[in-house]
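Everything on this sheet refers to the single structure shown next.
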Amino acid sequence: MRDDREKWARVRIVMIGTIFGLLFLSVTIRAFYLQILQHEELVKKAERQHQHIVQLTPGRGIIMDRNGTPLAVSVDMDSCYAEPRHIKDMDGTAGVLAPFLGTSKQELLKKLTSDKGFVWIERRLTPEVAARIKNLKLTGIGFVSESKRFYPNCEVASHVVGFTGVDPVGLEGVERRYDSVILGNTGYMVTERDALGRDIALKDTVIKNASPGKNIILTLDKNIEYIAEKELAKAVTESGAKNGMALVMEPDTGRVLAMANYPSFNPNAYAHYSQAMLRNRAVADSFEPGSTFKIFLISAALEEKVIRPTDIINCENGHYTIADRTIHDTHNYARLSVSDVLKYSSNIGAAKIGAKLGDERLFHYLRNFGFGERTGVDLPGESPGNLRDKRRWYGVDLATISFGQGVTASAIQLAGAVSAVANGGTLMKPYIVERILDDSGHEVQRFDPQAVRRVISGDTAKKVTRMMESVTGAGGTGFNAAIDGFLVAGKTGTAQKADPVTHGYSATRRTASFIGFVPADNPKLTILVVVDEPKTSPYGGVVAAPAFRAIAVNALAYLKITPKGESGKATRTIEAQSPPPPKTVAVSEGDDAPDASAEVAVMPDFRGMSMRRVMQVMEKRGINIRLMGSGQAVEQNPPPGQTIRGADEVWVKFAPSA
């Protein structure tokens, strides 16, 4: 019996020891899991329970033109917040702050009497207001630095660069397309919570995970952009037109050097403008190209060898009936060579060439030139245009599409397609961003020219180029685009616009355009000008061709491309000319557009200031100044204390400090 009891006691001891051993092992495993494997997650969970994260506006990288000129920058500004639990005199604090913030005492009291432990009072204050509030040393009122987007050139390239919202998230243009690249990591401010989850105090002004966004260098040239915008504005206003577009592109590479829209807008005050004015029409809108389409018709017909430049076409003395439709020419031509069909822009001649080519082959070439599909340009909202499938061409569609009616294209499509003729027959993908740099200036990504496909042979491209040269010659529809000393290849376009009421073509509303490249014997620039609903004349050769010529002359001089047989000294006009600065007042929401002759500001003394400080003062005063160089301000125009007028040349030069 005794042996049995001892044996059973040993068994119980072993069982109890085993149970305690297993319990200890499970506790050890659980502790290892919690303290080692789950450590990071539990720490974060505890922080979330005891801390409140306040997101701060992240910084954005700089957007520059191809020469490094800033087009969009970020400026650090103070934002004011309150900790209501630490404010003893709510009424007095609200009464003191209200005059500085331009709001009522009652509105401020609503914020301060909130049950929240942290409330924003005002985001991104001007330096002057922030300094005055700081000097008051109010209990429970604090400041943190946030970033604000600023566009130093105002209207210049505004549709390409775009703008950001308050967040700041890119809303249009490059700002939107490359938002995730430009936008830095979000900063955070951390507040402490009590056991009940109430905010009790700021732990620190802690910015976590904050890093600057990447910088973008565009293919755009600010000077050429200014030239295009200036001449487009002149063409639209002088013709009484509704709006207009202009594009300048390198035909060999697809780089977009300028993309202008008129009317334009100031991205510093985008809320002041209608949605229609903010839209980049050169990319987002499509229109009937009219007679500019004859370039591609004749290119296709020559490539397929159904015609030769010297072939004679019977143009029926200006009247030609197909089915139930009569096609008219502006002038009554009897017989024209294929080259003269392009030179004099005969619709009847184009319709007959289209009939020889056939709908299947014409559709194939138009597709290859990029019509009916997006170019892939790196800007948001691109329109594919409208080129119906050939199976849906009926009656006179082949004839009308041959001279650019019944089909739509965007400005970027049209410029890209003509560039294919200019460069010898290869369609290039247009692009607007050249390089992406990190905040240290090191290259992260480079975008190289990209060939899409070969459309026509080099021999066909040369023949079409020679025919386009005749358009700007004596008697051609584009003689207003001719430039002394240069061969200019181009084509006029005049298209009726659809009437939404009658569902037919309007008798009065037209789109006038001119597109071409220069120098024709060694193309460097493809230029397109489109003027919508001009009132003085409906013809592209009258309204758009002079603007083409002005843009080309100025851009060639700026790029130091001289006429044949002339030295660099011969191009005297605008060599290395920078555009005058934008008007010195940024239109803000609720303001009227400024009068260029009105007194708007007094020039501050910027000498010795950093570029950031200068930008802060500009923001405070509501003035825009051209900034040149880097480092500290060493020179300015006009001198300190002088009144700034809208037409004045206002700039500040910077140089590295000694």
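Chains: A, B, ... in order of the structure tokens. Residues: from 1 per chain. Ligands: from 1, in order shown.
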- Message: Taking 2 positions as the minimum chain separation for residues in the same chain, which residues sit within 6 Å of region 508-519 of chain A when counting only C-alpha atoms? Answer as a ChimeraX atom specification.
- Response: /A:486-497,506,521-523,525-533,538-540,544-545
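Excluding Glu155 (chain A) itself and same-chain residues fewer than 6 positions from it, the residues having an atom within 8 Å of it are Ser264, Phe265, Asn266, Pro267 and Pro582 of chain A, counting only C-alpha atoms.
Minimum atom-to-atom distances from A:Asn135, A:Ser274, A:Thr164, A:Asn280 to Lys148 (chain A) were compared using only C-alpha atoms, and the lowest value belongs to A:Thr164.
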- Who sits within 9 Å of region 81-94 of chain A, only C-alpha atoms, same chain under 2 positions skipped, as a ChimeraX atom specification: /A:79,96-98,104-109,111-123,138-144,199-202
Pull N, CA and C atoms from the residues just selected and write them as a compact mmCIF listing (two decimals), in the first residue's frame.
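Contents of out.txt, as written:
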# COMPACT_ATOMS: atom_id res chain seq x y z
N SER A 79 1.46 78.51 -40.06
CA SER A 79 0.04 78.26 -39.81
C SER A 79 -0.22 78.35 -38.32
N VAL A 96 -8.72 89.57 -29.42
CA VAL A 96 -7.40 90.05 -29.83
C VAL A 96 -7.01 89.52 -31.21
N LEU A 97 -7.34 88.24 -31.47
CA LEU A 97 -6.93 87.61 -32.73
C LEU A 97 -7.76 88.05 -33.93
N ALA A 98 -9.04 88.29 -33.75
CA ALA A 98 -9.95 88.55 -34.86
C ALA A 98 -9.47 89.64 -35.82
N SER A 104 -14.54 87.56 -37.73
CA SER A 104 -15.28 88.10 -36.59
C SER A 104 -14.90 87.38 -35.30
N LYS A 105 -15.12 88.06 -34.20
CA LYS A 105 -14.84 87.47 -32.89
C LYS A 105 -15.72 86.24 -32.66
N GLN A 106 -16.96 86.28 -33.13
CA GLN A 106 -17.88 85.17 -32.93
C GLN A 106 -17.42 83.91 -33.67
N GLU A 107 -16.90 84.10 -34.88
CA GLU A 107 -16.41 82.95 -35.65
C GLU A 107 -15.23 82.29 -34.94
N LEU A 108 -14.34 83.11 -34.40
CA LEU A 108 -13.20 82.56 -33.68
C LEU A 108 -13.63 81.84 -32.41
N LEU A 109 -14.61 82.40 -31.70
CA LEU A 109 -15.09 81.77 -30.48
C LEU A 109 -15.67 80.38 -30.75
N LYS A 111 -14.60 78.26 -32.91
CA LYS A 111 -13.46 77.34 -32.99
C LYS A 111 -12.87 77.08 -31.61
N LEU A 112 -12.69 78.15 -30.83
CA LEU A 112 -12.00 78.03 -29.55
C LEU A 112 -12.82 77.29 -28.50
N THR A 113 -14.14 77.34 -28.60
CA THR A 113 -14.99 76.64 -27.63
C THR A 113 -15.30 75.22 -28.06
N SER A 114 -14.61 74.75 -29.09
CA SER A 114 -14.78 73.37 -29.54
C SER A 114 -14.30 72.41 -28.46
N ASP A 115 -14.87 71.20 -28.44
CA ASP A 115 -14.43 70.20 -27.46
C ASP A 115 -13.15 69.50 -27.90
N LYS A 116 -12.61 69.92 -29.02
CA LYS A 116 -11.37 69.33 -29.51
C LYS A 116 -10.19 69.94 -28.75
N GLY A 117 -9.13 69.15 -28.64
CA GLY A 117 -7.94 69.64 -27.97
C GLY A 117 -7.03 70.42 -28.90
N PHE A 118 -7.29 70.34 -30.23
CA PHE A 118 -6.44 71.01 -31.23
C PHE A 118 -7.33 71.52 -32.35
N VAL A 119 -7.22 72.80 -32.69
CA VAL A 119 -7.99 73.35 -33.82
C VAL A 119 -7.09 74.30 -34.61
N TRP A 120 -7.27 74.28 -35.92
CA TRP A 120 -6.56 75.25 -36.77
C TRP A 120 -7.28 76.60 -36.67
N ILE A 121 -6.49 77.65 -36.50
CA ILE A 121 -7.04 79.01 -36.50
C ILE A 121 -6.96 79.59 -37.91
N GLU A 122 -5.80 79.52 -38.54
CA GLU A 122 -5.60 80.02 -39.90
C GLU A 122 -4.38 79.34 -40.50
N ARG A 123 -4.55 78.83 -41.71
CA ARG A 123 -3.44 78.15 -42.40
C ARG A 123 -2.69 79.14 -43.27
N LEU A 138 0.22 84.72 -26.81
CA LEU A 138 -1.04 84.26 -26.23
C LEU A 138 -0.93 82.81 -25.78
N THR A 139 -1.43 82.53 -24.58
CA THR A 139 -1.42 81.16 -24.06
C THR A 139 -2.35 80.28 -24.88
N GLY A 140 -1.86 79.10 -25.25
CA GLY A 140 -2.67 78.15 -26.01
C GLY A 140 -2.69 78.39 -27.50
N ILE A 141 -1.95 79.38 -27.98
CA ILE A 141 -1.87 79.67 -29.42
C ILE A 141 -0.45 79.35 -29.88
N GLY A 142 -0.34 78.54 -30.94
CA GLY A 142 0.97 78.14 -31.44
C GLY A 142 1.06 78.22 -32.95
N PHE A 143 2.26 77.95 -33.45
CA PHE A 143 2.51 78.04 -34.89
C PHE A 143 3.32 76.83 -35.36
N VAL A 144 3.09 76.46 -36.60
CA VAL A 144 3.89 75.42 -37.24
C VAL A 144 4.09 75.83 -38.69
N ASP A 199 -7.48 65.31 -26.17
CA ASP A 199 -6.21 66.00 -26.40
C ASP A 199 -5.91 66.87 -25.18
N ILE A 200 -4.69 66.75 -24.66
CA ILE A 200 -4.34 67.52 -23.46
C ILE A 200 -3.22 68.52 -23.72
N ALA A 201 -2.28 68.20 -24.60
CA ALA A 201 -1.17 69.13 -24.85
C ALA A 201 -0.38 68.69 -26.05
N LEU A 202 0.35 69.63 -26.64
CA LEU A 202 1.27 69.28 -27.71
C LEU A 202 2.48 68.58 -27.12
Write out as a tab-separated table (two decimals) with C-alpha atoms, in the first residue's frame which residues come within 8 Å of region 290-307 of chain A when counting only C-alpha atoms, dropping same-chain ones fewer than 6 positions away.
chain	number	residue	atom	x	y	z
A	338	VAL	CA	-1.49	68.27	-107.32
A	342	LEU	CA	-2.24	72.21	-101.86
A	345	SER	CA	-6.21	74.75	-101.02
A	347	ASN	CA	-11.40	71.20	-101.73
A	350	ALA	CA	-8.60	67.11	-102.47
A	353	ILE	CA	-7.35	62.77	-104.79
A	354	GLY	CA	-9.21	61.10	-101.91
A	356	LYS	CA	-8.18	57.87	-106.12
A	357	LEU	CA	-6.68	56.83	-102.80
A	361	ARG	CA	-5.95	53.47	-97.53
A	362	LEU	CA	-6.84	57.02	-96.40
A	365	TYR	CA	-2.64	56.58	-93.16
A	366	LEU	CA	-4.67	58.93	-90.98
A	369	PHE	CA	-0.36	59.82	-88.49
A	402	SER	CA	-10.09	64.42	-97.52
A	403	PHE	CA	-10.25	68.16	-96.84
A	404	GLY	CA	-10.64	67.92	-93.04
A	405	GLN	CA	-14.39	68.00	-92.52
A	418	VAL	CA	3.00	67.62	-89.30
A	456	ILE	CA	5.80	57.82	-94.91
A	457	SER	CA	9.15	57.51	-96.65
A	460	THR	CA	7.55	61.38	-99.87
A	461	ALA	CA	8.24	63.73	-96.96
A	464	VAL	CA	5.28	67.15	-99.54
A	468	MET	CA	4.07	73.06	-98.59
A	491	LYS	CA	-0.64	74.97	-94.68
A	492	THR	CA	-3.67	77.11	-93.94
A	493	GLY	CA	-6.87	75.76	-92.47
A	494	THR	CA	-10.38	77.19	-92.40
A	495	ALA	CA	-13.11	74.94	-91.03
A	496	GLN	CA	-16.80	75.51	-90.47
A	513	SER	CA	-5.50	77.84	-88.36
A	514	PHE	CA	-2.01	77.72	-89.78
A	515	ILE	CA	0.59	75.01	-89.24
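Atom pair CA of Arg446 (chain A) / CA of Arg255 (chain A) has a distance of 12.9 Å (rounded to one decimal).
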- Message: What parts of region 289-528 of chain A does DSSP call helix (DSSP H, G or I)? I'd like the answer as number ranges by chain.
- Response: A: 290-303, 316-318, 338-343, 347-357, 359-368, 390-392, 397-402, 411-422, 458-471, 479-481
- Per DSSP on the backbone, filter region 77-192 of chain A down to the residues in strand (DSSP E or B) and report them as number ranges by chain. A: 77-82, 119-125, 141-150, 163-164, 170-172, 183, 185, 187-192
Keeping N, CA and C atoms, export the residues of the selection given above as a short mmCIF file (atom, residue, chain, number, x, y, z; two decimals), in the first residue's frame.
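What landed in selection.cif:
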data_model
loop_
_atom_site.label_atom_id
_atom_site.label_comp_id
_atom_site.auth_asym_id
_atom_site.auth_seq_id
_atom_site.Cartn_x
_atom_site.Cartn_y
_atom_site.Cartn_z
N MET A 77 5.43 78.88 -44.92
CA MET A 77 4.64 79.91 -44.26
C MET A 77 4.13 79.36 -42.93
N ASP A 78 3.86 80.25 -41.98
CA ASP A 78 3.38 79.84 -40.67
C ASP A 78 1.88 79.63 -40.67
N SER A 79 1.46 78.51 -40.06
CA SER A 79 0.04 78.26 -39.81
C SER A 79 -0.22 78.35 -38.32
N CYS A 80 -1.34 78.94 -37.94
CA CYS A 80 -1.66 79.19 -36.53
C CYS A 80 -2.68 78.17 -36.03
N TYR A 81 -2.43 77.60 -34.85
CA TYR A 81 -3.35 76.64 -34.25
C TYR A 81 -3.63 77.06 -32.80
N ALA A 82 -4.65 76.42 -32.22
CA ALA A 82 -5.00 76.69 -30.82
C ALA A 82 -5.19 75.38 -30.07
N VAL A 119 -7.22 72.80 -32.69
CA VAL A 119 -7.99 73.35 -33.82
C VAL A 119 -7.09 74.30 -34.61
N TRP A 120 -7.27 74.28 -35.92
CA TRP A 120 -6.56 75.25 -36.77
C TRP A 120 -7.28 76.60 -36.67
N ILE A 121 -6.49 77.65 -36.50
CA ILE A 121 -7.04 79.01 -36.50
C ILE A 121 -6.96 79.59 -37.91
N GLU A 122 -5.80 79.52 -38.54
CA GLU A 122 -5.60 80.02 -39.90
C GLU A 122 -4.38 79.34 -40.50
N ARG A 123 -4.55 78.83 -41.71
CA ARG A 123 -3.44 78.15 -42.40
C ARG A 123 -2.69 79.14 -43.27
N ARG A 124 -1.38 79.02 -43.26
CA ARG A 124 -0.47 79.77 -44.14
C ARG A 124 -0.72 81.29 -44.08
N LEU A 125 -0.36 81.85 -42.96
CA LEU A 125 -0.47 83.29 -42.75
C LEU A 125 0.66 84.03 -43.46
N ILE A 141 -1.95 79.38 -27.98
CA ILE A 141 -1.87 79.67 -29.42
C ILE A 141 -0.45 79.35 -29.88
N GLY A 142 -0.34 78.54 -30.94
CA GLY A 142 0.97 78.14 -31.44
C GLY A 142 1.06 78.22 -32.95
N PHE A 143 2.26 77.95 -33.45
CA PHE A 143 2.51 78.04 -34.89
C PHE A 143 3.32 76.83 -35.36
N VAL A 144 3.09 76.46 -36.60
CA VAL A 144 3.89 75.42 -37.24
C VAL A 144 4.09 75.83 -38.69
N SER A 145 5.26 75.50 -39.24
CA SER A 145 5.57 75.89 -40.62
C SER A 145 4.94 74.92 -41.61
N GLU A 146 4.26 75.47 -42.63
CA GLU A 146 3.68 74.67 -43.71
C GLU A 146 4.10 75.25 -45.06
N SER A 147 3.91 74.45 -46.08
CA SER A 147 4.35 74.84 -47.42
C SER A 147 3.17 75.35 -48.25
N LYS A 148 3.42 76.42 -49.02
CA LYS A 148 2.41 76.95 -49.94
C LYS A 148 2.98 77.03 -51.35
N ARG A 149 2.19 76.63 -52.34
CA ARG A 149 2.64 76.66 -53.73
C ARG A 149 2.56 78.08 -54.26
N PHE A 150 3.60 78.46 -55.04
CA PHE A 150 3.66 79.80 -55.60
C PHE A 150 4.18 79.72 -57.04
N PHE A 163 -1.92 73.86 -61.45
CA PHE A 163 -1.99 74.44 -60.12
C PHE A 163 -2.39 73.37 -59.12
N THR A 164 -2.29 73.72 -57.84
CA THR A 164 -2.65 72.80 -56.77
C THR A 164 -3.78 73.37 -55.93
N GLY A 170 -2.22 68.24 -56.79
CA GLY A 170 -2.24 68.80 -58.13
C GLY A 170 -3.60 68.65 -58.77
N LEU A 171 -4.12 69.74 -59.31
CA LEU A 171 -5.46 69.74 -59.89
C LEU A 171 -5.45 69.82 -61.41
N GLU A 172 -4.41 70.40 -61.99
CA GLU A 172 -4.33 70.52 -63.44
C GLU A 172 -2.86 70.48 -63.87
N LEU A 183 5.03 65.68 -55.07
CA LEU A 183 4.59 65.82 -53.69
C LEU A 183 5.53 65.08 -52.74
N ASN A 185 6.73 63.64 -48.81
CA ASN A 185 6.03 62.89 -47.77
C ASN A 185 5.39 63.84 -46.78
N GLY A 187 4.12 65.70 -43.53
CA GLY A 187 4.63 65.94 -42.19
C GLY A 187 3.51 65.76 -41.17
N TYR A 188 3.89 65.48 -39.92
CA TYR A 188 2.89 65.27 -38.88
C TYR A 188 3.25 66.08 -37.64
N MET A 189 2.23 66.61 -36.98
CA MET A 189 2.41 67.21 -35.66
C MET A 189 1.68 66.32 -34.67
N VAL A 190 2.30 66.03 -33.52
CA VAL A 190 1.78 65.05 -32.58
C VAL A 190 1.30 65.73 -31.30
N THR A 191 0.06 65.41 -30.86
CA THR A 191 -0.46 65.90 -29.58
C THR A 191 -0.69 64.71 -28.65
N GLU A 192 -0.62 64.95 -27.30
CA GLU A 192 -0.85 63.91 -26.30
C GLU A 192 -2.34 63.82 -25.96
#
- Task: Would you mind telling me which residue in A:Ile182, A:Leu22, A:Ile313, A:Ala157 lies nearest to Leu437 (chain A) when using only C-alpha atoms?
- Result: A:Ile182
- Query: Quick one, how far is CA of Val542 (chain A) from CA of Ile483 (chain A)?
  - Reply: 15.2 Å
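Nearest residue to Ala411 (chain A) among A:Val174, A:Ala260, A:Ile436, A:Ala557 is A:Ala260, counting only C-alpha atoms.
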